[in-house]
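With mmCIF, C-alpha atoms inside, this is target.cif:
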```
data_start
loop_
_atom_site.label_atom_id
_atom_site.label_comp_id
_atom_site.auth_asym_id
_atom_site.auth_seq_id
_atom_site.Cartn_x
_atom_site.Cartn_y
_atom_site.Cartn_z
CA MET A 1 -21.73 -41.61 17.86
CA SER A 2 -25.51 -41.67 18.09
CA LEU A 3 -27.38 -38.54 17.03
CA THR A 4 -29.82 -38.86 19.91
CA GLY A 5 -27.45 -40.05 22.62
CA THR A 6 -26.31 -38.06 25.65
CA PRO A 7 -22.63 -38.24 24.56
CA PHE A 8 -23.36 -36.29 21.38
CA PHE A 9 -25.31 -33.62 23.26
CA VAL A 10 -22.44 -33.29 25.76
CA LEU A 11 -20.04 -32.96 22.83
CA THR A 12 -22.10 -30.11 21.36
CA ALA A 13 -22.09 -28.34 24.74
CA VAL A 14 -18.31 -28.71 25.01
CA LEU A 15 -17.89 -27.29 21.51
CA VAL A 16 -19.98 -24.26 22.48
CA VAL A 17 -17.69 -23.60 25.45
CA VAL A 18 -14.59 -24.04 23.32
CA ALA A 19 -15.93 -21.74 20.59
CA LEU A 20 -16.83 -19.01 23.10
CA ALA A 21 -13.43 -19.32 24.78
CA ALA A 22 -11.77 -18.94 21.40
CA LEU A 23 -13.97 -15.95 20.56
CA PHE A 24 -13.08 -14.01 23.70
CA GLY A 25 -9.50 -15.27 24.01
CA LEU A 26 -8.39 -14.65 20.43
CA TRP A 27 -10.44 -11.56 19.53
CA ASN A 28 -7.54 -9.12 20.04
CA ARG A 29 -4.75 -11.59 19.30
CA ILE A 30 -5.38 -12.34 15.64
CA PRO A 31 -2.22 -11.30 13.71
CA GLY A 32 -1.92 -9.79 10.27
CA PRO A 33 -3.42 -6.81 8.44
CA GLY A 34 -6.82 -5.35 9.25
CA ALA A 35 -8.70 -7.39 6.65
CA ALA A 36 -7.25 -10.65 8.00
CA ARG A 37 -8.09 -9.72 11.59
CA LEU A 38 -11.65 -8.82 10.55
CA ALA A 39 -12.07 -12.13 8.72
CA GLY A 40 -10.70 -14.02 11.70
CA ARG A 41 -13.07 -12.31 14.12
CA LEU A 42 -16.00 -12.95 11.80
CA GLY A 43 -15.05 -16.61 11.60
CA LEU A 44 -14.86 -16.92 15.39
CA ALA A 45 -18.26 -15.24 15.76
CA VAL A 46 -19.86 -17.52 13.17
CA LEU A 47 -18.28 -20.60 14.77
CA SER A 48 -19.69 -19.70 18.19
CA GLN A 49 -23.15 -19.16 16.71
CA VAL A 50 -23.10 -22.40 14.73
CA THR A 51 -22.06 -24.49 17.72
CA ALA A 52 -24.77 -22.88 19.85
CA VAL A 53 -27.43 -23.57 17.21
CA VAL A 54 -26.31 -27.21 16.85
CA MET A 55 -26.49 -27.66 20.64
CA VAL A 56 -30.01 -26.20 20.81
CA LEU A 57 -31.23 -28.27 17.86
CA THR A 58 -29.77 -31.42 19.42
CA TYR A 59 -31.56 -30.65 22.68
CA VAL A 60 -34.86 -30.05 20.88
CA ASN A 61 -34.46 -33.24 18.83
CA ASN A 62 -33.78 -35.31 21.94
CA SER A 63 -36.48 -33.82 24.14
CA MET A 64 -39.38 -33.19 21.74
CA GLY A 65 -39.32 -36.11 19.38
CA PRO A 66 -36.90 -37.11 18.42
CA PHE A 67 -37.59 -35.78 14.96
CA TYR A 68 -34.48 -37.61 13.69
CA ASP A 69 -33.39 -40.87 15.27
CA SER A 70 -30.12 -41.40 13.44
CA TRP A 71 -27.66 -39.74 11.06
CA SER A 72 -29.31 -41.52 8.13
CA ASP A 73 -32.68 -40.14 9.24
CA LEU A 74 -31.21 -36.64 9.30
CA PHE A 75 -29.28 -36.69 6.05
CA GLY A 76 -31.45 -39.12 4.11
CA GLY A 77 -30.75 -42.43 2.51
CA SER A 78 -33.02 -45.34 1.79
CA THR A 79 -33.64 -47.97 4.44
CA THR A 80 -34.76 -50.55 1.93
CA VAL A 81 -32.67 -53.66 1.35
CA THR A 82 -32.03 -55.72 -1.73
CA ASP A 83 -33.60 -59.08 -2.48
CA THR A 84 -30.16 -60.65 -1.95
CA ALA A 85 -29.85 -59.11 1.49
CA LEU A 86 -33.31 -60.35 2.39
CA SER A 87 -32.51 -63.92 1.38
CA GLU A 88 -29.22 -63.84 3.29
CA ASN A 89 -30.78 -62.39 6.43
CA SER A 90 -33.78 -64.71 6.42
CA ALA A 91 -31.56 -67.64 7.35
CA HIS A 92 -30.53 -66.22 10.71
CA HIS A 93 -31.56 -63.89 13.47
CA GLY A 94 -28.95 -61.51 14.84
CA GLY A 95 -28.71 -60.36 18.47
CA ASP A 96 -29.65 -56.80 17.54
CA GLY A 97 -33.09 -57.89 16.39
CA VAL A 98 -32.55 -57.02 12.73
CA ALA A 99 -34.10 -59.87 10.78
CA PRO A 100 -36.87 -60.25 8.23
CA GLY A 101 -39.84 -61.45 10.24
CA GLY A 102 -40.00 -64.24 12.77
CA LYS A 103 -39.17 -63.89 16.45
CA LEU A 104 -37.54 -60.61 17.38
CA THR A 105 -35.16 -59.58 20.15
CA PHE A 106 -36.45 -56.60 22.11
CA THR A 107 -34.53 -54.35 24.48
CA SER A 108 -35.84 -51.84 27.00
CA TYR A 109 -36.43 -48.27 25.83
CA LEU A 110 -38.52 -46.80 28.66
CA PRO A 111 -40.27 -48.47 31.60
CA GLY A 112 -42.80 -50.78 29.98
CA VAL A 113 -41.71 -49.88 26.43
CA MET A 114 -39.58 -52.22 24.30
CA LYS A 115 -37.73 -51.54 21.09
CA THR A 116 -36.25 -53.49 18.21
CA ARG A 117 -35.17 -53.11 14.60
CA THR A 118 -36.24 -55.49 11.92
CA VAL A 119 -36.56 -55.95 8.18
CA GLY A 120 -40.03 -56.30 6.72
CA ALA A 121 -40.16 -59.63 4.93
CA THR A 122 -42.47 -58.31 2.21
CA SER A 123 -41.47 -54.65 1.91
CA GLY A 124 -37.72 -55.10 2.42
CA ILE A 125 -37.74 -52.02 4.66
CA GLU A 126 -35.56 -51.92 7.75
CA GLY A 127 -37.27 -50.02 10.52
CA SER A 128 -37.73 -49.53 14.23
CA LEU A 129 -40.61 -50.86 16.30
CA TYR A 130 -41.51 -49.65 19.79
CA VAL A 131 -44.02 -51.75 21.72
CA TRP A 132 -45.94 -51.12 24.94
CA LEU A 133 -47.80 -54.01 26.51
CA PRO A 134 -50.58 -53.36 29.03
CA PRO A 135 -49.89 -54.72 32.54
CA GLN A 136 -52.63 -57.31 32.00
CA TYR A 137 -50.55 -58.94 29.27
CA ASN A 138 -48.41 -60.74 31.86
CA ASP A 139 -51.28 -61.37 34.29
CA PRO A 140 -52.06 -65.12 34.54
CA ALA A 141 -55.75 -64.23 34.38
CA TYR A 142 -55.17 -63.02 30.80
CA ALA A 143 -52.89 -65.89 29.74
CA THR A 144 -55.18 -66.91 26.88
CA THR A 145 -56.26 -63.40 25.88
CA ASP A 146 -55.40 -61.96 22.48
CA PHE A 147 -55.17 -58.19 22.87
CA PRO A 148 -56.39 -55.47 20.49
CA VAL A 149 -53.61 -53.51 18.79
CA VAL A 150 -53.22 -49.83 17.94
CA GLU A 151 -50.47 -48.98 15.46
CA LEU A 152 -49.06 -45.48 16.07
CA LEU A 153 -47.57 -43.25 13.38
CA PRO A 154 -45.53 -40.04 13.83
CA GLY A 155 -45.41 -36.98 11.61
CA THR A 156 -42.79 -36.06 9.01
CA PRO A 157 -40.05 -35.56 10.03
CA GLY A 158 -40.52 -37.68 13.10
CA THR A 159 -39.60 -40.94 14.75
CA PRO A 160 -41.75 -43.71 16.22
CA GLN A 161 -40.47 -43.28 19.78
CA ALA A 162 -42.04 -39.82 19.92
CA TRP A 163 -45.30 -41.56 20.80
CA PHE A 164 -43.75 -42.77 24.04
CA GLY A 165 -41.52 -39.73 24.61
CA THR A 166 -43.25 -36.51 23.66
CA MET A 167 -46.77 -37.92 23.44
CA LYS A 168 -46.48 -40.22 26.49
CA VAL A 169 -49.26 -42.44 25.20
CA GLN A 170 -48.31 -45.16 27.69
CA ASP A 171 -48.96 -42.80 30.63
CA GLU A 172 -52.35 -41.81 29.24
CA MET A 173 -53.25 -45.46 28.69
CA ALA A 174 -52.32 -46.32 32.29
CA ARG A 175 -54.40 -43.42 33.63
CA LEU A 176 -57.46 -44.29 31.53
CA MET A 177 -57.26 -47.99 32.33
CA ALA A 178 -57.06 -47.20 36.05
CA ALA A 179 -60.18 -45.06 35.65
CA GLY A 180 -61.95 -47.88 33.82
CA THR A 181 -62.36 -45.75 30.70
CA VAL A 182 -60.35 -47.93 28.31
CA LYS A 183 -59.58 -51.61 28.03
CA PRO A 184 -56.07 -53.06 27.66
CA MET A 185 -54.57 -52.62 24.19
CA ILE A 186 -51.13 -53.22 22.74
CA MET A 187 -49.50 -50.04 21.45
CA VAL A 188 -46.94 -50.40 18.66
CA SER A 189 -45.20 -47.45 17.06
CA ALA A 190 -43.62 -48.09 13.68
CA LYS A 191 -41.14 -46.18 11.59
CA LEU A 192 -42.96 -44.07 8.99
CA ASN A 193 -40.15 -41.93 7.55
CA VAL A 194 -38.35 -44.75 5.84
CA LEU A 195 -36.40 -42.52 3.42
CA GLY A 196 -34.70 -40.37 6.04
CA GLY A 197 -34.05 -36.64 6.06
CA ASN A 198 -37.07 -34.52 5.17
CA THR A 199 -38.17 -36.83 2.36
CA ASP A 200 -41.81 -37.72 2.81
CA PRO A 201 -42.40 -41.33 1.67
CA GLY A 202 -46.08 -40.51 1.21
CA CYS A 203 -47.39 -43.56 3.09
CA ALA A 204 -47.41 -45.33 -0.25
CA ASP A 205 -45.85 -48.15 -2.22
CA ILE A 206 -43.72 -46.15 -4.64
CA PRO A 207 -42.19 -48.28 -7.42
CA GLY A 208 -38.41 -48.30 -7.25
CA VAL A 209 -38.35 -46.19 -4.07
CA ALA A 210 -39.96 -47.81 -1.02
CA ARG A 211 -42.98 -49.94 -0.14
CA THR A 212 -44.01 -47.95 2.92
CA ALA A 213 -47.67 -48.99 2.85
CA THR A 214 -46.70 -52.66 2.67
CA TRP A 215 -44.32 -52.20 5.61
CA LEU A 216 -47.00 -50.58 7.77
CA ALA A 217 -50.05 -52.59 6.73
CA ARG A 218 -48.52 -56.03 6.12
CA ASP A 219 -45.11 -56.45 7.72
CA VAL A 220 -45.72 -54.67 11.02
CA PRO A 221 -49.01 -56.48 11.81
CA THR A 222 -47.39 -59.82 10.92
CA LEU A 223 -44.42 -59.10 13.17
CA ILE A 224 -46.65 -58.14 16.09
CA ARG A 225 -48.80 -61.26 15.71
CA ASP A 226 -45.66 -63.43 15.44
CA ASN A 227 -44.24 -62.04 18.69
CA PHE A 228 -47.22 -61.23 20.90
CA ARG A 229 -50.71 -62.43 21.74
CA ALA A 230 -52.30 -59.98 19.36
CA ALA A 231 -55.85 -60.11 18.04
CA LYS A 232 -56.29 -61.28 14.46
CA SER A 233 -59.60 -59.67 13.48
CA PRO A 234 -59.42 -56.33 11.63
CA SER A 235 -62.10 -55.03 13.98
CA GLN A 236 -59.55 -55.30 16.80
CA TRP A 237 -56.78 -53.50 14.93
CA ALA A 238 -56.60 -49.73 14.58
CA VAL A 239 -54.09 -47.15 13.46
CA MET A 240 -53.60 -43.64 14.89
CA GLY A 241 -51.31 -40.83 13.79
CA TYR A 242 -50.71 -37.13 13.99
CA SER A 243 -49.97 -34.71 11.13
CA ALA A 244 -48.54 -36.77 8.23
CA GLY A 245 -49.10 -39.86 10.35
CA ALA A 246 -52.78 -38.91 10.64
CA TYR A 247 -53.16 -38.81 6.87
CA CYS A 248 -51.35 -42.14 6.72
CA ALA A 249 -53.66 -43.70 9.34
CA VAL A 250 -56.74 -42.86 7.29
CA ASN A 251 -55.10 -43.81 4.00
CA LEU A 252 -54.02 -47.24 5.30
CA THR A 253 -57.45 -47.96 6.77
CA VAL A 254 -59.25 -47.09 3.52
CA GLN A 255 -56.82 -49.20 1.49
CA HIS A 256 -56.53 -52.11 3.91
CA PRO A 257 -59.87 -52.68 5.68
CA ASP A 258 -58.84 -56.33 5.93
CA VAL A 259 -56.13 -55.21 8.39
CA PHE A 260 -57.48 -52.12 10.17
CA GLY A 261 -61.07 -51.58 11.26
CA SER A 262 -60.68 -48.02 12.51
CA ALA A 263 -58.38 -45.01 12.38
CA VAL A 264 -57.69 -41.86 14.38
CA SER A 265 -56.49 -38.74 12.60
CA LEU A 266 -55.02 -36.01 14.83
CA SER A 267 -54.53 -32.81 12.82
CA GLY A 268 -54.23 -34.62 9.53
CA TYR A 269 -55.02 -33.95 5.89
CA ASN A 270 -56.91 -35.95 3.29
CA THR A 271 -54.87 -35.90 0.10
CA PRO A 272 -51.23 -36.88 -0.50
CA GLU A 273 -48.61 -34.14 -0.22
CA SER A 274 -45.39 -35.99 -1.01
CA PRO A 275 -44.05 -35.08 -4.47
CA LEU A 276 -43.04 -38.73 -4.84
CA VAL A 277 -46.76 -39.51 -4.88
CA THR A 278 -48.37 -36.41 -6.39
CA ASN A 279 -46.11 -36.51 -9.46
CA ASN A 280 -47.87 -39.72 -10.52
CA LEU A 281 -51.61 -39.20 -11.08
CA ALA A 282 -52.56 -42.87 -10.69
CA LEU A 283 -50.46 -43.22 -7.54
CA SER A 284 -51.85 -39.98 -6.17
CA ARG A 285 -55.46 -41.04 -6.64
CA ALA A 286 -54.77 -44.48 -5.18
CA ASN A 287 -53.44 -42.80 -2.03
CA ASP A 288 -56.15 -40.17 -1.75
CA PRO A 289 -58.59 -41.53 0.87
CA LEU A 290 -61.11 -38.75 0.22
CA PHE A 291 -61.15 -39.55 -3.51
CA GLN A 292 -61.30 -43.29 -2.86
CA LEU A 293 -64.23 -43.00 -0.47
CA LYS A 294 -66.15 -40.75 -2.88
CA GLN A 295 -65.59 -43.11 -5.80
CA ALA A 296 -66.20 -46.38 -3.97
CA LYS A 297 -69.37 -48.20 -5.01
CA LYS A 298 -69.32 -49.80 -1.58
CA GLN A 299 -67.30 -48.05 1.11
CA PRO A 300 -65.22 -50.26 3.40
CA PRO A 301 -66.74 -51.10 6.81
CA VAL A 302 -64.34 -48.89 8.78
CA SER A 303 -64.76 -45.97 11.16
CA PHE A 304 -62.81 -42.79 11.82
CA LEU A 305 -62.21 -40.36 14.63
CA MET A 306 -61.09 -37.14 12.97
CA GLY A 307 -59.51 -34.45 15.15
CA GLY A 308 -58.16 -30.96 14.72
CA SER A 309 -57.66 -27.57 16.33
CA LEU A 310 -59.71 -24.53 15.40
CA GLN A 311 -56.46 -22.54 15.40
CA ASP A 312 -54.61 -25.05 13.21
CA GLN A 313 -55.71 -23.88 9.80
CA GLY A 314 -57.25 -26.54 7.62
CA THR A 315 -57.28 -29.45 10.06
CA VAL A 316 -60.90 -29.16 11.20
CA PRO A 317 -62.26 -28.52 7.66
CA ALA A 318 -60.27 -31.54 6.43
CA ALA A 319 -61.69 -33.68 9.23
CA LYS A 320 -65.26 -32.55 8.46
CA ALA A 321 -64.76 -33.13 4.74
CA LEU A 322 -63.79 -36.75 5.20
CA LEU A 323 -66.61 -37.45 7.61
CA ALA A 324 -69.05 -35.82 5.19
CA VAL A 325 -68.37 -38.38 2.43
CA LEU A 326 -69.14 -41.37 4.65
CA ARG A 327 -72.45 -42.85 3.54
CA ASP A 328 -72.82 -44.70 6.81
CA PRO A 329 -70.94 -42.67 9.46
CA GLY A 330 -71.85 -45.12 12.20
CA THR A 331 -69.48 -44.55 15.12
CA SER A 332 -67.25 -42.13 13.21
CA ARG A 333 -67.01 -38.73 14.85
CA LEU A 334 -65.24 -35.39 15.06
CA VAL A 335 -63.22 -34.09 18.01
CA THR A 336 -61.87 -30.55 18.16
CA VAL A 337 -59.92 -28.33 20.51
CA ARG A 338 -60.41 -24.59 20.55
CA GLU A 339 -56.83 -23.39 20.92
CA GLY A 340 -53.38 -24.49 19.84
CA GLY A 341 -51.43 -24.95 16.65
CA HIS A 342 -49.87 -27.92 14.91
CA THR A 343 -48.12 -29.12 18.06
CA PRO A 344 -47.85 -32.13 20.40
CA THR A 345 -49.73 -30.11 23.03
CA VAL A 346 -52.86 -30.23 20.88
CA TRP A 347 -52.43 -33.91 20.04
CA ARG A 348 -51.98 -34.81 23.70
CA GLU A 349 -55.16 -32.89 24.52
CA MET A 350 -57.10 -35.04 22.04
CA LEU A 351 -55.50 -38.28 23.21
CA PRO A 352 -58.00 -39.21 25.98
CA ASP A 353 -60.94 -38.94 23.56
CA ALA A 354 -58.99 -40.87 20.93
CA LEU A 355 -57.98 -43.73 23.22
CA THR A 356 -61.47 -44.02 24.70
CA TRP A 357 -62.98 -44.17 21.21
CA LEU A 358 -60.39 -46.73 20.08
CA SER A 359 -61.04 -48.93 23.09
CA ALA A 360 -64.74 -49.07 22.24
CA ARG A 361 -64.03 -49.79 18.57
CA THR A 362 -61.48 -52.56 19.14
CA ALA A 363 -63.17 -54.34 22.03
CA GLY A 364 -63.66 -58.00 21.20
#
```

File written out as structure tokens:
Amino acid sequence: MSLTGTPFFVLTAVLVVVALAALFGLWNRIPGPGAARLAGRLGLAVLSQVTAVVMVLTYVNNSMGPFYDSWSDLFGGSTTVTDTALSENSAHHGGDGVAPGGKLTFTSYLPGVMKTRTVGATSGIEGSLYVWLPPQYNDPAYATTDFPVVELLPGTPGTPQAWFGTMKVQDEMARLMAAGTVKPMIMVSAKLNVLGGNTDPGCADIPGVARTATWLARDVPTLIRDNFRAAKSPSQWAVMGYSAGAYCAVNLTVQHPDVFGSAVSLSGYNTPESPLVTNNLALSRANDPLFQLKQAKKQPPVSFLMGGSLQDQGTVPAAKALLAVLRDPGTSRLVTVREGGHTPTVWREMLPDALTWLSARTAG
């Protein structure tokens, strides 16, 4: 049974009712000595509380993220595959869309939003992709147009569909395009938390663990270009994220300027926080965009929109610190909001500025 499906939520609600019925119905009917009756009553009380908490957490996960998309996301477990599995899968393409590269099978997720699962041909990571195409994509007048692409990254924990659920980026795009503020862009949200549970993969290629950076910066762009009329120039590709995804957006752009020409950081940070990365000094420095920009003899020709909330401690100073090391800031800029914490409400408030800036940066 799916963690995020309606059936599981209904099951949790039924269990709450059953637990409460047992609590009130059996409270005075538990046999045995006083100690046994006390233990029984305590057990019934704990059971009713646990079921209620599980129901609330399931509701929050479904309505505000989801933070966890599957049981493996919740409890952990690598989503990488072996070389043997890759070679076996590369010979065919299953109906569920799970295949290493090539043409993918998409199904509907929300109006205008498609989803699939695939295996990165280079990284060996199996992950979800959610894609929104602008209405112009299917307009005959745009039949020969290659569209700019924005890759979207969630936080940790978090799932890619949060960009189209909680963040509603597709609704903001439609509103801004109708107002003439932004141009059509393809939005693709990719799985970032490839290790599941609360394990932060660090947006890095970690030897023997997972090649997350390769998945996001090589496999995902290749898959999008193979399946859609997507622009090829790095200047027409951007990456945007919030929280851990914001750090990842900047990190990927600094490391892969041949793929991404610009990045948006919404309430991000500048240095790696995952122990899988920080425990290795060389790996940590390689995935520290602030350090890399400071040390670079020639900084990459990329631009950044750095955002944060004045009430979200550290996000605005981090944004200013990264912008301060740019020797040629160019179109890079800072956007702030006065109130709000580390929440989707703040990130949605910054979204119009971010999308408008991205449209100008990725215009052909």

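Closest approach to Ala244 in chain A among A:Arg327, A:Lys168, A:His342, A:Arg333: A:His342, based on all atoms listed in the file.
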
Around (-49.2, -40.0, 13.5) in the file's frame, which residues reach within 12 Å when counting all atoms listed in the file? Return as a PyMOL selection string? chain A and resi 150-163+167+169+188-193+203+239-252+263-269+307+343-344+347-348+351

Prev. selection, C-alpha atoms, output as a CSV table (one decimal), in the frame of the given file:
```csv
chain,number,residue,atom,x,y,z
A,150,VAL,CA,-53.2,-49.8,17.9
A,151,GLU,CA,-50.5,-49.0,15.5
A,152,LEU,CA,-49.1,-45.5,16.1
A,153,LEU,CA,-47.6,-43.2,13.4
A,154,PRO,CA,-45.5,-40.0,13.8
A,155,GLY,CA,-45.4,-37.0,11.6
A,156,THR,CA,-42.8,-36.1,9.0
A,157,PRO,CA,-40.0,-35.6,10.0
A,158,GLY,CA,-40.5,-37.7,13.1
A,159,THR,CA,-39.6,-40.9,14.8
A,160,PRO,CA,-41.8,-43.7,16.2
A,161,GLN,CA,-40.5,-43.3,19.8
A,162,ALA,CA,-42.0,-39.8,19.9
A,163,TRP,CA,-45.3,-41.6,20.8
A,167,MET,CA,-46.8,-37.9,23.4
A,169,VAL,CA,-49.3,-42.4,25.2
A,188,VAL,CA,-46.9,-50.4,18.7
A,189,SER,CA,-45.2,-47.4,17.1
A,190,ALA,CA,-43.6,-48.1,13.7
A,191,LYS,CA,-41.1,-46.2,11.6
A,192,LEU,CA,-43.0,-44.1,9.0
A,193,ASN,CA,-40.2,-41.9,7.6
A,203,CYS,CA,-47.4,-43.6,3.1
A,239,VAL,CA,-54.1,-47.2,13.5
A,240,MET,CA,-53.6,-43.6,14.9
A,241,GLY,CA,-51.3,-40.8,13.8
A,242,TYR,CA,-50.7,-37.1,14.0
A,243,SER,CA,-50.0,-34.7,11.1
A,244,ALA,CA,-48.5,-36.8,8.2
A,245,GLY,CA,-49.1,-39.9,10.4
A,246,ALA,CA,-52.8,-38.9,10.6
A,247,TYR,CA,-53.2,-38.8,6.9
A,248,CYS,CA,-51.4,-42.1,6.7
A,249,ALA,CA,-53.7,-43.7,9.3
A,250,VAL,CA,-56.7,-42.9,7.3
A,251,ASN,CA,-55.1,-43.8,4.0
A,252,LEU,CA,-54.0,-47.2,5.3
A,263,ALA,CA,-58.4,-45.0,12.4
A,264,VAL,CA,-57.7,-41.9,14.4
A,265,SER,CA,-56.5,-38.7,12.6
A,266,LEU,CA,-55.0,-36.0,14.8
A,267,SER,CA,-54.5,-32.8,12.8
A,268,GLY,CA,-54.2,-34.6,9.5
A,269,TYR,CA,-55.0,-34.0,5.9
A,307,GLY,CA,-59.5,-34.4,15.2
A,343,THR,CA,-48.1,-29.1,18.1
A,344,PRO,CA,-47.8,-32.1,20.4
A,347,TRP,CA,-52.4,-33.9,20.0
A,348,ARG,CA,-52.0,-34.8,23.7
A,351,LEU,CA,-55.5,-38.3,23.2
```

Applied to this file, what does the PyMOL selection byres ((chain A and resi 299) around 12) return in terms of residues, put as a PyMOL selection string? chain A and resi 253-257+289-298+300-303+325-329

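Candidate residues A:Leu11, A:Val113, A:Ala217, A:Val259 were compared for distance to Met187 in chain A, and the nearest is A:Val113, using all atoms listed in the file.
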
Extract, using all atoms listed in the file, all DNA, RNA and protein residues at most 10 Å from Arg361 in chain A, discarding same-chain residues fewer than 2 positions from it, and format them as number ranges by chain. A: 148, 235-238, 261-263, 302-304, 331-332, 355-359, 363-364

What is the CA of Leu44 in chain A-CA of Leu23 in chain A distance in Å, reported with one decimal?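 The value is 5.3 Å.
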
Distance criterion (all atoms listed in the file): nearest to Phe106 in chain A out of A:Asn227, A:Thr51, A:Gln170, A:Thr199: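 Residue with the minimum atom-to-atom distance to Phe106 in chain A: A:Asn227.
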
Determine the residue set returned by the PyMOL selection byres ((chain A and resi 40) around 12) for the present structure, and present it as number ranges by chain. A: 22-23, 26-39, 41-47

Take the residues just selected and output them with C-alpha atoms as a CSV table (one decimal), in the frame of the given file.
```
chain,number,residue,atom,x,y,z
A,22,ALA,CA,-11.8,-18.9,21.4
A,23,LEU,CA,-14.0,-16.0,20.6
A,26,LEU,CA,-8.4,-14.6,20.4
A,27,TRP,CA,-10.4,-11.6,19.5
A,28,ASN,CA,-7.5,-9.1,20.0
A,29,ARG,CA,-4.8,-11.6,19.3
A,30,ILE,CA,-5.4,-12.3,15.6
A,31,PRO,CA,-2.2,-11.3,13.7
A,32,GLY,CA,-1.9,-9.8,10.3
A,33,PRO,CA,-3.4,-6.8,8.4
A,34,GLY,CA,-6.8,-5.4,9.2
A,35,ALA,CA,-8.7,-7.4,6.6
A,36,ALA,CA,-7.2,-10.6,8.0
A,37,ARG,CA,-8.1,-9.7,11.6
A,38,LEU,CA,-11.6,-8.8,10.6
A,39,ALA,CA,-12.1,-12.1,8.7
A,41,ARG,CA,-13.1,-12.3,14.1
A,42,LEU,CA,-16.0,-13.0,11.8
A,43,GLY,CA,-15.0,-16.6,11.6
A,44,LEU,CA,-14.9,-16.9,15.4
A,45,ALA,CA,-18.3,-15.2,15.8
A,46,VAL,CA,-19.9,-17.5,13.2
A,47,LEU,CA,-18.3,-20.6,14.8
```

Determine, counting all atoms listed in the file, which protein, DNA and RNA residues have an atom within 12 Å of an atom of Ala282 in chain A; residues of the same chain fewer than 4 positions away are not included. Present the result as a CSV table (one decimal) with C-alpha atoms, keeping the file's coordinate frame.
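Below you can see result.csv, which holds the result:
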```csv
chain,number,residue,atom,x,y,z
A,204,ALA,CA,-47.4,-45.3,-0.2
A,206,ILE,CA,-43.7,-46.2,-4.6
A,272,PRO,CA,-51.2,-36.9,-0.5
A,276,LEU,CA,-43.0,-38.7,-4.8
A,277,VAL,CA,-46.8,-39.5,-4.9
A,278,THR,CA,-48.4,-36.4,-6.4
A,286,ALA,CA,-54.8,-44.5,-5.2
A,287,ASN,CA,-53.4,-42.8,-2.0
A,288,ASP,CA,-56.2,-40.2,-1.8
A,291,PHE,CA,-61.2,-39.6,-3.5
A,292,GLN,CA,-61.3,-43.3,-2.9
```

Could you state the separation of CA of Thr122 in chain A and CA of Thr214 in chain A in Å, given to one decimal place?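 According to the coordinates, CA of Thr122 in chain A and CA of Thr214 in chain A are separated by 7.1 Å.
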
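If you count only C-alpha atoms and draw a sphere of 8 Å around (-41.5, -41.1, 29.5), the protein and nucleic acid residues inside it come out as Leu110, Pro111, Phe164, Gly165, Thr166, Lys168 and Asp171 of chain A.
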
Output C-alpha atoms for every residue in the selection just made, as a CSV table (one decimal), in the coordinates of the input.
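Just written: result.csv:
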```
chain,number,residue,atom,x,y,z
A,110,LEU,CA,-38.5,-46.8,28.7
A,111,PRO,CA,-40.3,-48.5,31.6
A,164,PHE,CA,-43.8,-42.8,24.0
A,165,GLY,CA,-41.5,-39.7,24.6
A,166,THR,CA,-43.2,-36.5,23.7
A,168,LYS,CA,-46.5,-40.2,26.5
A,171,ASP,CA,-49.0,-42.8,30.6
```

Interatomic distance between CA of Tyr109 in chain A and CA of Tyr130 in chain A?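 Computed distance, CA of Tyr109 in chain A to CA of Tyr130 in chain A, equals 8.0 Å.
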
Just checking: using only C-alpha atoms, which residue out of A:Thr105, A:Asn280, A:Thr271, A:Gln49 ends up closest to Leu15 in chain A?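 Closest candidate: A:Gln49.
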
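Each of A:Val53, A:Met185, A:Leu323, A:Ala210 was checked against Phe228 in chain A using all atoms listed in the file; the smallest atom-to-atom distance is that of A:Met185.
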
Near Gly341 in chain A, within 8 Å and counting all atoms listed in the file, which residues show up once chain neighbours fewer than 3 positions away are dropped, as a VMD selection string? chain A and resid 309 311 to 312 346

A:Gly340, A:Pro184, A:Gly314, A:Gly127 ranked by distance to Tyr142 in chain A, top pick (using all atoms listed in the file):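 Of A:Gly340, A:Pro184, A:Gly314, A:Gly127, the one nearest Tyr142 in chain A, counting all atoms listed in the file, is A:Pro184.
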
Please, what is the axis-aligned box for every listed atom of range 15-27 of chain A with 4 Å on each side, as centre and edge lengths in Å to one decimal, as lines of an AutoDock Vina configuration file?
```
center_x = -14.2
center_y = -19.4
center_z = 22.5
size_x = 19.6
size_y = 23.7
size_z = 13.9
```
